[in-house]
There are 2 protein chains.
Amino acid sequence: MNTSRKTVVADHLREALARGDYKPGERLPGEEELAEQLDVSRATARLGMRILQDEGRIAIRAGRGAFVADHRPIVHLATPVTGGGDSERFQAGYQPHLREAGYDQVRQETKVSLDTMRPKVAKRLRHGVEGGAQGDLVVVRSSSRFVEGGLWQSQVTYFPYDIAGNTPLMSPESLEEGVTAVLRSLGYREEWNWDIVGARMPSPDEAESFGLGPGIPLLVQERVTYEGERPLRFTETVMPANRHQLLYSGGEAPEELLVLASDVNIFER
Amino acid sequence: MNTSRKTVVADHLREALARGDYKPGERLPGEEELAEQLDVSRATARLGMRILQDEGRIAIRAGRGAFVADHRPIVHLATPVTGGGDSERFQAGYQPHLREAGYDQVRQETKVSLDTMRPKVAKRLRHGVEGGAQGDLVVVRSSSRFVEGGLWQSQVTYFPYDIAGNTPLMSPESLEEGVTAVLRSLGYREEWNWDIVGARMPSPDEAESFGLGPGIPLLVQERVTYEGERPLRFTETVMPANRHQLLYSGGEAPEELLVLASDVNIFER
DNA sequence: AAGTGGTCTAGACCACGGG
DNA sequence: CCGTGGTCTAGACCACTTC
């Protein structure tokens, strides 16, 4: 059994939270106060709080204090369009979806560049293509989505140059109709795809740009779409897991029940 | 710009790792040694290493030292069976899949209990059902999968009692044929489903049972399957993100390319 | 027993946020 | 300005691992 002093502090707080002594968003006792209450040094109280922070249960802000974390992830429909018109609620696009969830001030920045493939990209886009003349060139579209001024989600899409070169895909304008539609207008059909979903902790840069403290992982989704055996694009989406969840539906799901799913929260007990 | 001493330590290590000075699994300099090299107190060196640990880049083991983290997540095909026979490589089941990935000593423990629905469970299983006599009862199947002696993944499935009561689903034997097949033999068809995928940090209990240090999030997958509008089961799967990734395929994906996807690693740069 | 990380203290000073 | 967290030190002792 672990009865170190800092564990005592952490357990003390954890129990208080479980009891509901403090509501989400509410401020907790400060380091000094806790140290006195539990008769430990301030450093130890600090270490104890740090544990709760690493668990994602509280958010500590310098000069302000510690606050109960409030995770309300938004659900994104990730199921590819294969199934036809799935749910209008989600199909309408990213921004309306967010607005509906109560967020305002949604903004998007897109940058486009031309680059040679990193090994990681090559591994995903090279299949079924000879490494010909421009076989190493990719069009890179990087989009950052901001909500209420903060970075919300970032997405990078790589297209083989012979598909996207000198097309609307190279314009930094946002693609209102969606990538799939633009590709189709260029004569390519996204017939099928795979998604890989995983999670990891943010790098310092990522933590900084997303405004994340310790205890908040990133959800990472990689998607490659194909026409036949030919890869059309590789998209990597990175989003803080306290604000995002992915929804995959199988079969012909009635919209009403997808809406139910969109209300799910893995942080719920 | 952050130039605090502990940041210097962290950056020093991060650069060394990026340079490839230490390979995955290799031991790093100790706290004392680092402190001396960089002319900081041991406590500061410690804090610096802690940062790298929280990023999931190194694993620190008491009495041993710090080691470069080596994340090699296994890809699990999560796409529901809707599409028919997708890929034999994955369909064969969990254990062979793991064995193929080079792991031995795979074991599974299943416990079955009868319980009343928590609110979370009710929210997911109540739809399309009147809260009748036994409407609150659920059959709970908890499975823990162990690999090389350590907890690998844990899964809890809830069935409405009027579906699973007095059936093979209440036996703690593992269901060789899979839940879907057993349900079918009981006259239920899993016509469609939704999955919600998210990530969060482990609780102390979870960290303990999975053997996780700081810096490793959990991947959480929730799945509810339906026949028509009736929920048949709710499954929650929890797995350490450094060892698991989920694969969702859309369209009729050729097996060869799914195999390519199964080689993807989000930790790659 | 030696080596390495884990915990803890007391005290100092800095940095940020809000009156 | 004050309160709060952020960083850092020096030194002590404990617990676990390995030889």
# chains A, B, ... in the order shown; residues from 1 in each chain; ligands from 1
>>> interface_residues(of="chain C", to="chain B", cutoff="8 Å", atoms="only C-alpha atoms (C1' of nucleotides)", output="tab-separated table (two decimals) with N, CA and C atoms (P, O5', C5', C4', C3', O3' and C1' of nucleotides), in the first residue's frame")
chain	number	residue	atom	x	y	z
C	3	DG	P	28.67	2.37	-5.78
C	3	DG	O5'	27.27	2.39	-6.56
C	3	DG	C5'	27.01	1.38	-7.55
C	3	DG	C4'	25.64	1.61	-8.12
C	3	DG	C3'	25.33	3.07	-8.45
C	3	DG	O3'	24.69	3.12	-9.70
C	3	DG	C1'	23.66	2.19	-7.03
C	4	DT	P	24.37	4.55	-10.35
C	4	DT	O5'	22.79	4.60	-10.23
C	4	DT	C5'	22.00	3.56	-10.82
C	4	DT	C4'	20.56	3.80	-10.45
C	4	DT	C3'	20.19	5.28	-10.56
C	4	DT	O3'	19.10	5.47	-11.42
C	4	DT	C1'	19.54	4.37	-8.47
C	5	DG	P	18.69	6.99	-11.70
C	5	DG	O5'	17.27	6.97	-11.02
C	5	DG	C5'	16.31	6.02	-11.47
C	5	DG	C4'	15.29	5.75	-10.39
C	5	DG	C3'	14.28	6.88	-10.19
C	5	DG	O3'	13.01	6.29	-9.99
C	5	DG	C1'	15.31	6.37	-8.16
C	6	DG	P	11.78	7.19	-9.61
C	6	DG	O5'	11.76	7.06	-8.01
C	6	DG	C5'	11.04	5.98	-7.40
C	6	DG	C4'	10.45	6.46	-6.09
C	6	DG	C3'	9.63	7.74	-6.22
C	6	DG	O3'	8.45	7.61	-5.43
C	6	DG	C1'	11.35	8.06	-4.67
>>> calpha_fit_and_write(fixed="chain B", moving="chain A", output="mmCIF file with C-alpha atoms, in the first residue's frame")
data_model
loop_
_atom_site.group_PDB
_atom_site.id
_atom_site.type_symbol
_atom_site.label_atom_id
_atom_site.label_comp_id
_atom_site.auth_asym_id
_atom_site.auth_seq_id
_atom_site.Cartn_x
_atom_site.Cartn_y
_atom_site.Cartn_z
ATOM 1 C CA MET A 1 10.950 31.732 -24.146
ATOM 2 C CA ASN A 2 11.221 29.203 -21.380
ATOM 3 C CA THR A 3 14.781 28.782 -20.147
ATOM 4 C CA SER A 4 14.128 27.436 -16.703
ATOM 5 C CA ARG A 5 16.725 24.969 -15.525
ATOM 6 C CA LYS A 6 14.447 21.987 -15.666
ATOM 7 C CA THR A 7 13.516 22.927 -19.219
ATOM 8 C CA VAL A 8 17.193 22.966 -20.076
ATOM 9 C CA VAL A 9 17.455 19.449 -18.732
ATOM 10 C CA ALA A 10 14.383 18.314 -20.656
ATOM 11 C CA ASP A 11 15.584 19.904 -23.883
ATOM 12 C CA HIS A 12 19.009 18.403 -23.416
ATOM 13 C CA LEU A 13 17.504 14.948 -23.223
ATOM 14 C CA ARG A 14 15.006 15.550 -25.997
ATOM 15 C CA GLU A 15 17.751 16.615 -28.348
ATOM 16 C CA ALA A 16 19.876 13.655 -27.432
ATOM 17 C CA LEU A 17 16.947 11.407 -28.239
ATOM 18 C CA ALA A 18 16.224 13.187 -31.528
ATOM 19 C CA ARG A 19 19.883 12.845 -32.449
ATOM 20 C CA GLY A 20 19.600 9.160 -31.779
ATOM 21 C CA ASP A 21 22.250 9.137 -29.067
ATOM 22 C CA TYR A 22 20.187 6.524 -27.303
ATOM 23 C CA LYS A 23 18.209 3.788 -28.997
ATOM 24 C CA PRO A 24 14.771 2.591 -27.900
ATOM 25 C CA GLY A 25 15.143 0.501 -24.770
ATOM 26 C CA GLU A 26 18.573 1.884 -23.937
ATOM 27 C CA ARG A 27 19.385 3.353 -20.548
ATOM 28 C CA LEU A 28 19.881 7.090 -20.084
ATOM 29 C CA PRO A 29 22.203 8.851 -17.639
ATOM 30 C CA GLY A 30 20.960 8.814 -14.060
ATOM 31 C CA GLU A 31 19.648 11.757 -12.083
ATOM 32 C CA GLU A 32 22.880 12.327 -10.227
ATOM 33 C CA GLU A 33 24.975 12.164 -13.362
ATOM 34 C CA LEU A 34 22.693 14.528 -15.261
ATOM 35 C CA ALA A 35 22.645 16.950 -12.362
ATOM 36 C CA GLU A 36 26.416 17.110 -12.384
ATOM 37 C CA GLN A 37 26.741 17.391 -16.158
ATOM 38 C CA LEU A 38 24.296 20.268 -16.392
ATOM 39 C CA ASP A 39 25.195 21.804 -13.062
ATOM 40 C CA VAL A 40 21.779 21.685 -11.460
ATOM 41 C CA SER A 41 20.555 20.099 -8.261
ATOM 42 C CA ARG A 42 19.417 16.536 -8.399
ATOM 43 C CA ALA A 43 15.824 17.679 -7.771
ATOM 44 C CA THR A 44 15.940 19.826 -10.873
ATOM 45 C CA ALA A 45 17.431 17.092 -13.018
ATOM 46 C CA ARG A 46 14.632 14.913 -11.746
ATOM 47 C CA LEU A 47 11.987 17.442 -12.743
ATOM 48 C CA GLY A 48 13.524 17.656 -16.185
ATOM 49 C CA MET A 49 13.396 13.920 -16.675
ATOM 50 C CA ARG A 50 9.861 13.925 -15.399
ATOM 51 C CA ILE A 51 8.910 16.132 -18.340
ATOM 52 C CA LEU A 52 10.213 13.610 -20.826
ATOM 53 C CA GLN A 53 8.401 10.888 -18.971
ATOM 54 C CA ASP A 54 5.128 12.816 -19.140
ATOM 55 C CA GLU A 55 5.615 13.113 -22.872
ATOM 56 C CA GLY A 56 5.860 9.365 -23.069
ATOM 57 C CA ARG A 57 9.404 9.537 -24.424
ATOM 58 C CA ILE A 58 11.183 7.770 -21.606
ATOM 59 C CA ALA A 59 10.152 5.235 -19.002
ATOM 60 C CA ILE A 60 11.637 5.572 -15.522
ATOM 61 C CA ARG A 61 11.883 2.499 -13.349
ATOM 62 C CA ALA A 62 12.678 2.720 -9.668
ATOM 63 C CA GLY A 63 16.038 1.332 -8.730
ATOM 64 C CA ARG A 64 16.888 0.763 -12.366
ATOM 65 C CA GLY A 65 17.132 3.994 -14.241
ATOM 66 C CA ALA A 66 15.516 5.782 -17.176
ATOM 67 C CA PHE A 67 15.024 4.067 -20.519
ATOM 68 C CA VAL A 68 14.073 5.245 -23.966
ATOM 69 C CA ALA A 69 10.423 4.419 -24.594
ATOM 70 C CA ASP A 70 9.625 2.032 -27.393
ATOM 71 C CA HIS A 71 6.052 2.314 -28.619
ATOM 72 C CA ARG A 72 4.975 -0.411 -31.005
ATOM 73 C CA PRO A 73 1.222 -0.380 -30.939
ATOM 74 C CA ILE A 74 -0.649 -3.328 -32.386
ATOM 75 C CA VAL A 75 -3.426 -2.561 -34.833
ATOM 76 C CA HIS A 76 -6.863 -3.996 -34.098
ATOM 77 C CA LEU A 77 -9.459 -4.245 -36.804
ATOM 78 C CA ALA A 78 -12.412 -2.454 -35.281
ATOM 79 C CA THR A 79 -14.648 -2.265 -38.330
ATOM 80 C CA PRO A 80 -17.816 -4.159 -37.498
ATOM 81 C CA VAL A 81 -18.521 -7.350 -39.355
ATOM 82 C CA THR A 82 -21.227 -5.649 -41.403
ATOM 83 C CA GLY A 83 -19.086 -5.751 -44.482
ATOM 84 C CA GLY A 84 -19.005 -9.542 -44.447
ATOM 85 C CA GLY A 85 -15.717 -11.365 -44.451
ATOM 86 C CA ASP A 86 -13.244 -8.571 -44.296
ATOM 87 C CA SER A 87 -9.833 -9.914 -43.653
ATOM 88 C CA GLU A 88 -9.001 -13.365 -42.447
ATOM 89 C CA ARG A 89 -5.893 -12.111 -40.862
ATOM 90 C CA PHE A 90 -7.955 -10.229 -38.317
ATOM 91 C CA GLN A 91 -11.114 -12.286 -38.238
ATOM 92 C CA ALA A 92 -9.266 -15.268 -36.871
ATOM 93 C CA GLY A 93 -9.646 -13.763 -33.428
ATOM 94 C CA TYR A 94 -7.706 -12.005 -30.827
ATOM 95 C CA GLN A 95 -5.154 -14.513 -29.695
ATOM 96 C CA PRO A 96 -3.786 -15.635 -33.057
ATOM 97 C CA HIS A 97 -3.519 -11.985 -34.022
ATOM 98 C CA LEU A 98 -1.338 -11.289 -31.031
ATOM 99 C CA ARG A 99 0.724 -14.423 -31.522
ATOM 100 C CA GLU A 100 1.435 -13.370 -35.044
ATOM 101 C CA ALA A 101 2.666 -10.045 -33.753
ATOM 102 C CA GLY A 102 5.282 -11.905 -31.771
ATOM 103 C CA TYR A 103 3.631 -12.187 -28.380
ATOM 104 C CA ASP A 104 3.306 -15.373 -26.483
ATOM 105 C CA GLN A 105 1.589 -16.307 -23.258
ATOM 106 C CA VAL A 106 -1.784 -14.835 -24.032
ATOM 107 C CA ARG A 107 -4.398 -15.462 -21.388
ATOM 108 C CA GLN A 108 -7.924 -14.284 -20.795
ATOM 109 C CA GLU A 109 -10.045 -14.066 -17.665
ATOM 110 C CA THR A 110 -13.758 -13.567 -17.823
ATOM 111 C CA LYS A 111 -16.117 -12.792 -15.000
ATOM 112 C CA VAL A 112 -19.873 -12.588 -15.293
ATOM 113 C CA SER A 113 -22.198 -10.813 -12.923
ATOM 114 C CA LEU A 114 -25.739 -9.596 -12.750
ATOM 115 C CA ASP A 115 -26.322 -6.003 -11.865
ATOM 116 C CA THR A 116 -28.642 -3.077 -12.138
ATOM 117 C CA MET A 117 -27.792 -0.441 -14.696
ATOM 118 C CA ARG A 118 -25.631 2.483 -13.761
ATOM 119 C CA PRO A 119 -26.864 5.700 -15.381
ATOM 120 C CA LYS A 120 -24.092 5.461 -17.948
ATOM 121 C CA VAL A 121 -25.184 1.992 -19.017
ATOM 122 C CA ALA A 122 -28.847 2.868 -18.962
ATOM 123 C CA LYS A 123 -28.247 5.782 -21.268
ATOM 124 C CA ARG A 124 -26.799 3.405 -23.840
ATOM 125 C CA LEU A 125 -29.092 0.399 -23.473
ATOM 126 C CA ARG A 126 -32.451 1.886 -22.587
ATOM 127 C CA HIS A 127 -33.409 3.122 -26.021
ATOM 128 C CA GLY A 128 -36.458 1.434 -27.522
ATOM 129 C CA VAL A 129 -37.160 -0.479 -24.328
ATOM 130 C CA GLU A 130 -39.770 0.197 -21.694
ATOM 131 C CA GLY A 131 -38.365 0.307 -18.214
ATOM 132 C CA GLY A 132 -40.393 -2.791 -17.314
ATOM 133 C CA ALA A 133 -40.012 -5.322 -14.551
ATOM 134 C CA GLN A 134 -36.478 -6.451 -15.263
ATOM 135 C CA GLY A 135 -35.707 -3.475 -17.439
ATOM 136 C CA ASP A 136 -32.974 -2.396 -15.073
ATOM 137 C CA LEU A 137 -31.098 -5.672 -14.968
ATOM 138 C CA VAL A 138 -27.971 -6.216 -17.012
ATOM 139 C CA VAL A 139 -25.676 -9.153 -17.521
ATOM 140 C CA VAL A 140 -22.116 -7.881 -17.175
ATOM 141 C CA ARG A 141 -19.276 -9.758 -18.826
ATOM 142 C CA SER A 142 -15.847 -8.447 -17.823
ATOM 143 C CA SER A 143 -12.863 -9.779 -19.693
ATOM 144 C CA SER A 144 -9.236 -9.052 -18.957
ATOM 145 C CA ARG A 145 -6.631 -10.062 -21.457
ATOM 146 C CA PHE A 146 -3.107 -10.689 -20.270
ATOM 147 C CA VAL A 147 -0.003 -10.856 -22.389
ATOM 148 C CA GLU A 148 3.312 -11.981 -20.990
ATOM 149 C CA GLY A 149 1.769 -11.821 -17.561
ATOM 150 C CA GLY A 150 0.697 -8.185 -17.750
ATOM 151 C CA LEU A 151 -2.792 -6.772 -18.232
ATOM 152 C CA TRP A 152 -3.099 -5.904 -21.892
ATOM 153 C CA GLN A 153 -6.637 -4.812 -22.457
ATOM 154 C CA SER A 154 -9.859 -4.905 -20.512
ATOM 155 C CA GLN A 155 -13.335 -5.146 -21.866
ATOM 156 C CA VAL A 156 -16.741 -4.970 -20.262
ATOM 157 C CA THR A 157 -19.910 -5.893 -22.106
ATOM 158 C CA TYR A 158 -23.404 -5.195 -20.824
ATOM 159 C CA PHE A 159 -26.420 -7.135 -22.126
ATOM 160 C CA PRO A 160 -30.037 -6.433 -21.259
ATOM 161 C CA TYR A 161 -31.156 -9.241 -18.971
ATOM 162 C CA ASP A 162 -34.066 -10.261 -21.143
ATOM 163 C CA ILE A 163 -31.622 -10.968 -23.936
ATOM 164 C CA ALA A 164 -28.789 -12.653 -22.082
ATOM 165 C CA GLY A 165 -30.450 -14.103 -19.000
ATOM 166 C CA ASN A 166 -30.130 -17.910 -18.792
ATOM 167 C CA THR A 167 -28.082 -18.153 -21.956
ATOM 168 C CA PRO A 168 -24.467 -19.048 -22.722
ATOM 169 C CA LEU A 169 -23.740 -15.349 -22.341
ATOM 170 C CA MET A 170 -23.948 -15.827 -18.604
ATOM 171 C CA SER A 171 -21.255 -18.460 -18.535
ATOM 172 C CA PRO A 172 -17.764 -17.286 -17.671
ATOM 173 C CA GLU A 173 -16.404 -19.458 -20.438
ATOM 174 C CA SER A 174 -14.851 -17.436 -23.175
ATOM 175 C CA LEU A 175 -17.030 -17.196 -26.256
ATOM 176 C CA GLU A 176 -14.955 -18.864 -28.887
ATOM 177 C CA GLU A 177 -17.296 -17.991 -31.715
ATOM 178 C CA GLY A 178 -17.605 -14.376 -30.688
ATOM 179 C CA VAL A 179 -20.456 -12.398 -29.210
ATOM 180 C CA THR A 180 -22.079 -11.720 -32.547
ATOM 181 C CA ALA A 181 -22.387 -15.421 -33.318
ATOM 182 C CA VAL A 182 -23.799 -16.248 -29.905
ATOM 183 C CA LEU A 183 -26.360 -13.495 -30.210
ATOM 184 C CA ARG A 184 -27.326 -14.780 -33.631
ATOM 185 C CA SER A 185 -27.804 -18.271 -32.278
ATOM 186 C CA LEU A 186 -30.175 -16.721 -29.751
ATOM 187 C CA GLY A 187 -32.155 -15.169 -32.562
ATOM 188 C CA TYR A 188 -30.721 -11.652 -32.477
ATOM 189 C CA ARG A 189 -29.004 -9.969 -35.388
ATOM 190 C CA GLU A 190 -26.534 -7.167 -34.842
ATOM 191 C CA GLU A 191 -27.692 -5.077 -37.770
ATOM 192 C CA TRP A 192 -25.773 -1.950 -37.074
ATOM 193 C CA ASN A 193 -23.795 -0.199 -34.426
ATOM 194 C CA TRP A 194 -21.944 2.891 -33.410
ATOM 195 C CA ASP A 195 -18.474 3.187 -31.957
ATOM 196 C CA ILE A 196 -17.194 6.129 -29.984
ATOM 197 C CA VAL A 197 -13.432 6.377 -29.671
ATOM 198 C CA GLY A 198 -11.662 8.683 -27.264
ATOM 199 C CA ALA A 199 -8.661 8.871 -24.989
ATOM 200 C CA ARG A 200 -7.968 9.833 -21.410
ATOM 201 C CA MET A 201 -5.310 9.397 -18.752
ATOM 202 C CA PRO A 202 -5.552 6.350 -16.515
ATOM 203 C CA SER A 203 -6.775 6.478 -12.937
ATOM 204 C CA PRO A 204 -4.237 5.271 -10.360
ATOM 205 C CA ASP A 205 -5.958 1.879 -10.311
ATOM 206 C CA GLU A 206 -5.776 1.578 -14.054
ATOM 207 C CA ALA A 207 -2.173 2.697 -14.184
ATOM 208 C CA GLU A 208 -1.419 0.080 -11.580
ATOM 209 C CA SER A 209 -3.196 -2.808 -13.248
ATOM 210 C CA PHE A 210 -1.929 -2.013 -16.729
ATOM 211 C CA GLY A 211 1.522 -1.352 -15.377
ATOM 212 C CA LEU A 212 1.627 2.130 -16.873
ATOM 213 C CA GLY A 213 3.847 4.996 -15.876
ATOM 214 C CA PRO A 214 2.984 8.636 -16.510
ATOM 215 C CA GLY A 215 2.816 9.722 -20.115
ATOM 216 C CA ILE A 216 0.789 6.822 -21.435
ATOM 217 C CA PRO A 217 -2.867 7.520 -22.208
ATOM 218 C CA LEU A 218 -5.665 5.002 -22.505
ATOM 219 C CA LEU A 219 -7.629 4.450 -25.685
ATOM 220 C CA VAL A 220 -11.288 3.949 -24.935
ATOM 221 C CA GLN A 221 -13.745 2.440 -27.366
ATOM 222 C CA GLU A 222 -17.459 2.230 -26.675
ATOM 223 C CA ARG A 223 -19.678 0.173 -28.940
ATOM 224 C CA VAL A 224 -23.426 -0.316 -28.927
ATOM 225 C CA THR A 225 -24.985 -2.752 -31.377
ATOM 226 C CA TYR A 226 -28.631 -2.759 -32.384
ATOM 227 C CA GLU A 227 -31.247 -4.869 -34.026
ATOM 228 C CA GLY A 228 -33.603 -2.332 -35.494
ATOM 229 C CA GLU A 229 -33.997 0.226 -32.758
ATOM 230 C CA ARG A 230 -33.261 -2.186 -29.982
ATOM 231 C CA PRO A 231 -29.836 -2.121 -28.297
ATOM 232 C CA LEU A 232 -28.393 -5.610 -27.959
ATOM 233 C CA ARG A 233 -25.217 -4.874 -26.072
ATOM 234 C CA PHE A 234 -22.869 -2.155 -24.906
ATOM 235 C CA THR A 235 -19.159 -2.902 -24.918
ATOM 236 C CA GLU A 236 -16.462 -0.701 -23.437
ATOM 237 C CA THR A 237 -12.873 -1.556 -24.257
ATOM 238 C CA VAL A 238 -9.956 0.113 -22.496
ATOM 239 C CA MET A 239 -6.392 -0.296 -23.712
ATOM 240 C CA PRO A 240 -3.055 1.465 -23.230
ATOM 241 C CA ALA A 241 -2.394 3.664 -26.241
ATOM 242 C CA ASN A 242 1.261 2.705 -26.462
ATOM 243 C CA ARG A 243 0.288 -0.835 -27.375
ATOM 244 C CA HIS A 244 -2.978 -0.439 -29.269
ATOM 245 C CA GLN A 245 -4.373 1.319 -32.294
ATOM 246 C CA LEU A 246 -7.759 0.875 -33.917
ATOM 247 C CA LEU A 247 -8.304 0.233 -37.597
ATOM 248 C CA TYR A 248 -11.539 1.195 -39.287
ATOM 249 C CA SER A 249 -11.939 0.447 -42.955
ATOM 250 C CA GLY A 250 -14.574 1.877 -45.229
ATOM 251 C CA GLY A 251 -15.696 0.306 -48.481
ATOM 252 C CA GLU A 252 -14.567 -3.053 -49.745
ATOM 253 C CA ALA A 253 -10.956 -2.848 -48.797
ATOM 254 C CA PRO A 254 -8.594 -5.387 -50.374
ATOM 255 C CA GLU A 255 -6.930 -7.413 -47.678
ATOM 256 C CA GLU A 256 -3.412 -6.659 -48.846
ATOM 257 C CA LEU A 257 -3.894 -2.977 -48.232
ATOM 258 C CA LEU A 258 -5.428 -3.489 -44.841
ATOM 259 C CA VAL A 259 -2.303 -5.374 -44.009
ATOM 260 C CA LEU A 260 -0.375 -2.286 -44.998
ATOM 261 C CA ALA A 261 -2.533 -0.238 -42.652
ATOM 262 C CA SER A 262 -1.866 -2.689 -39.863
ATOM 263 C CA ASP A 263 1.747 -1.656 -40.058
ATOM 264 C CA VAL A 264 1.036 1.999 -39.363
ATOM 265 C CA ASN A 265 2.317 3.598 -36.177
ATOM 266 C CA ILE A 266 1.126 7.005 -35.078
ATOM 267 C CA PHE A 267 4.258 7.450 -32.995
ATOM 268 C CA GLU A 268 6.327 7.444 -36.153
ATOM 269 C CA ARG A 269 7.633 10.812 -37.203
#
>>> residues_around(residues="DC1 in chain D", least_positions_apart="6", cutoff="12 Å", atoms="only C-alpha atoms (C1' of nucleotides)", output="PyMOL selection string")
chain C and resi 17-19
>>> select_by_dssp(residues="range 9-232 of chain B", states="strand (DSSP E or B)", output="NGL selection string")
:B and (27 or 58-61 or 65-68 or 74-77 or 106-116 or 137-147 or 150-160 or 192-200 or 218-227 or 230-232)
>>> interface_residues(of="chain D", to="chain A", cutoff="12 Å", atoms="only C-alpha atoms (C1' of nucleotides)", output="PDB file with N, CA and C atoms (P, O5', C5', C4', C3', O3' and C1' of nucleotides), in the first residue's frame")
ATOM      1  P    DC D   2       1.500  44.680  -0.546  1.00  0.00           P
ATOM      2  O5'  DC D   2       0.543  43.496  -1.001  1.00  0.00           O
ATOM      3  C5'  DC D   2      -0.864  43.721  -1.137  1.00  0.00           C
ATOM      4  C4'  DC D   2      -1.496  42.442  -1.663  1.00  0.00           C
ATOM      5  C3'  DC D   2      -0.986  41.178  -0.964  1.00  0.00           C
ATOM      6  O3'  DC D   2      -2.100  40.354  -0.685  1.00  0.00           O
ATOM      7  C1'  DC D   2      -0.684  40.989  -3.306  1.00  0.00           C
ATOM      8  P    DG D   3      -1.945  39.152   0.354  1.00  0.00           P
ATOM      9  O5'  DG D   3      -2.369  37.912  -0.537  1.00  0.00           O
ATOM     10  C5'  DG D   3      -3.576  37.997  -1.305  1.00  0.00           C
ATOM     11  C4'  DG D   3      -3.522  36.957  -2.391  1.00  0.00           C
ATOM     12  C3'  DG D   3      -3.038  35.585  -1.908  1.00  0.00           C
ATOM     13  O3'  DG D   3      -3.970  34.607  -2.341  1.00  0.00           O
ATOM     14  C1'  DG D   3      -1.799  36.275  -3.797  1.00  0.00           C
ATOM     15  P    DT D   4      -3.753  33.074  -1.939  1.00  0.00           P
ATOM     16  O5'  DT D   4      -3.166  32.447  -3.256  1.00  0.00           O
ATOM     17  C5'  DT D   4      -3.953  32.476  -4.462  1.00  0.00           C
ATOM     18  C4'  DT D   4      -3.087  31.952  -5.578  1.00  0.00           C
ATOM     19  C3'  DT D   4      -2.356  30.682  -5.172  1.00  0.00           C
ATOM     20  O3'  DT D   4      -2.813  29.570  -5.891  1.00  0.00           O
ATOM     21  C1'  DT D   4      -0.916  32.252  -6.239  1.00  0.00           C
ATOM     22  P    DG D   5      -2.220  28.151  -5.510  1.00  0.00           P
ATOM     23  O5'  DG D   5      -1.183  27.963  -6.693  1.00  0.00           O
ATOM     24  C5'  DG D   5      -1.663  27.951  -8.015  1.00  0.00           C
ATOM     25  C4'  DG D   5      -0.540  28.284  -8.986  1.00  0.00           C
ATOM     26  C3'  DG D   5       0.448  27.146  -9.233  1.00  0.00           C
ATOM     27  O3'  DG D   5       0.775  27.164 -10.602  1.00  0.00           O
ATOM     28  C1'  DG D   5       1.608  29.040  -8.523  1.00  0.00           C
ATOM     29  P    DG D   6       1.879  26.158 -11.160  1.00  0.00           P
ATOM     30  O5'  DG D   6       3.188  27.066 -11.160  1.00  0.00           O
ATOM     31  C5'  DG D   6       3.480  27.892 -12.278  1.00  0.00           C
ATOM     32  C4'  DG D   6       4.984  27.996 -12.449  1.00  0.00           C
ATOM     33  C3'  DG D   6       5.693  26.641 -12.458  1.00  0.00           C
ATOM     34  O3'  DG D   6       6.691  26.661 -13.476  1.00  0.00           O
ATOM     35  C1'  DG D   6       6.566  27.981 -10.736  1.00  0.00           C
ATOM     36  P    DT D   7       7.705  25.472 -13.574  1.00  0.00           P
ATOM     37  O5'  DT D   7       8.936  25.986 -12.735  1.00  0.00           O
ATOM     38  C5'  DT D   7       9.582  27.191 -13.135  1.00  0.00           C
ATOM     39  C4'  DT D   7      10.801  27.408 -12.285  1.00  0.00           C
ATOM     40  C3'  DT D   7      11.771  26.217 -12.249  1.00  0.00           C
ATOM     41  O3'  DT D   7      13.026  26.718 -12.664  1.00  0.00           O
ATOM     42  C1'  DT D   7      11.343  27.023 -10.068  1.00  0.00           C
ATOM     43  P    DC D   8      14.190  25.704 -12.970  1.00  0.00           P
ATOM     44  O5'  DC D   8      14.933  25.603 -11.577  1.00  0.00           O
ATOM     45  C5'  DC D   8      15.531  26.778 -11.039  1.00  0.00           C
ATOM     46  C4'  DC D   8      16.011  26.495  -9.636  1.00  0.00           C
ATOM     47  C3'  DC D   8      16.742  25.160  -9.463  1.00  0.00           C
ATOM     48  O3'  DC D   8      18.147  25.424  -9.509  1.00  0.00           O
ATOM     49  C1'  DC D   8      15.371  25.797  -7.584  1.00  0.00           C
ATOM     50  P    DC D  14      15.566   6.261   7.058  1.00  0.00           P
ATOM     51  O5'  DC D  14      14.521   5.751   5.963  1.00  0.00           O
ATOM     52  C5'  DC D  14      13.443   6.604   5.576  1.00  0.00           C
ATOM     53  C4'  DC D  14      12.811   6.079   4.291  1.00  0.00           C
ATOM     54  C3'  DC D  14      12.813   4.550   4.173  1.00  0.00           C
ATOM     55  O3'  DC D  14      11.541   4.135   3.717  1.00  0.00           O
ATOM     56  C1'  DC D  14      13.857   5.516   2.283  1.00  0.00           C
ATOM     57  P    DA D  15      11.258   2.564   3.589  1.00  0.00           P
ATOM     58  O5'  DA D  15      11.477   2.323   2.033  1.00  0.00           O
ATOM     59  C5'  DA D  15      10.614   2.950   1.097  1.00  0.00           C
ATOM     60  C4'  DA D  15      10.798   2.287  -0.260  1.00  0.00           C
ATOM     61  C3'  DA D  15      10.867   0.767  -0.210  1.00  0.00           C
ATOM     62  O3'  DA D  15      10.257   0.289  -1.390  1.00  0.00           O
ATOM     63  C1'  DA D  15      12.880   1.584  -1.071  1.00  0.00           C
TER      64       DA D  15
END
>>> select_by_dssp(residues="range 138-250 of chain A", states="alpha helix (DSSP H)", output="NGL selection string")
:A and (161-164 or 179-185 or 204-210)
>>> atom_distance(atom1="C1' of DC14 in chain C", atom2="C1' of DT9 in chain D")
14.1 Å
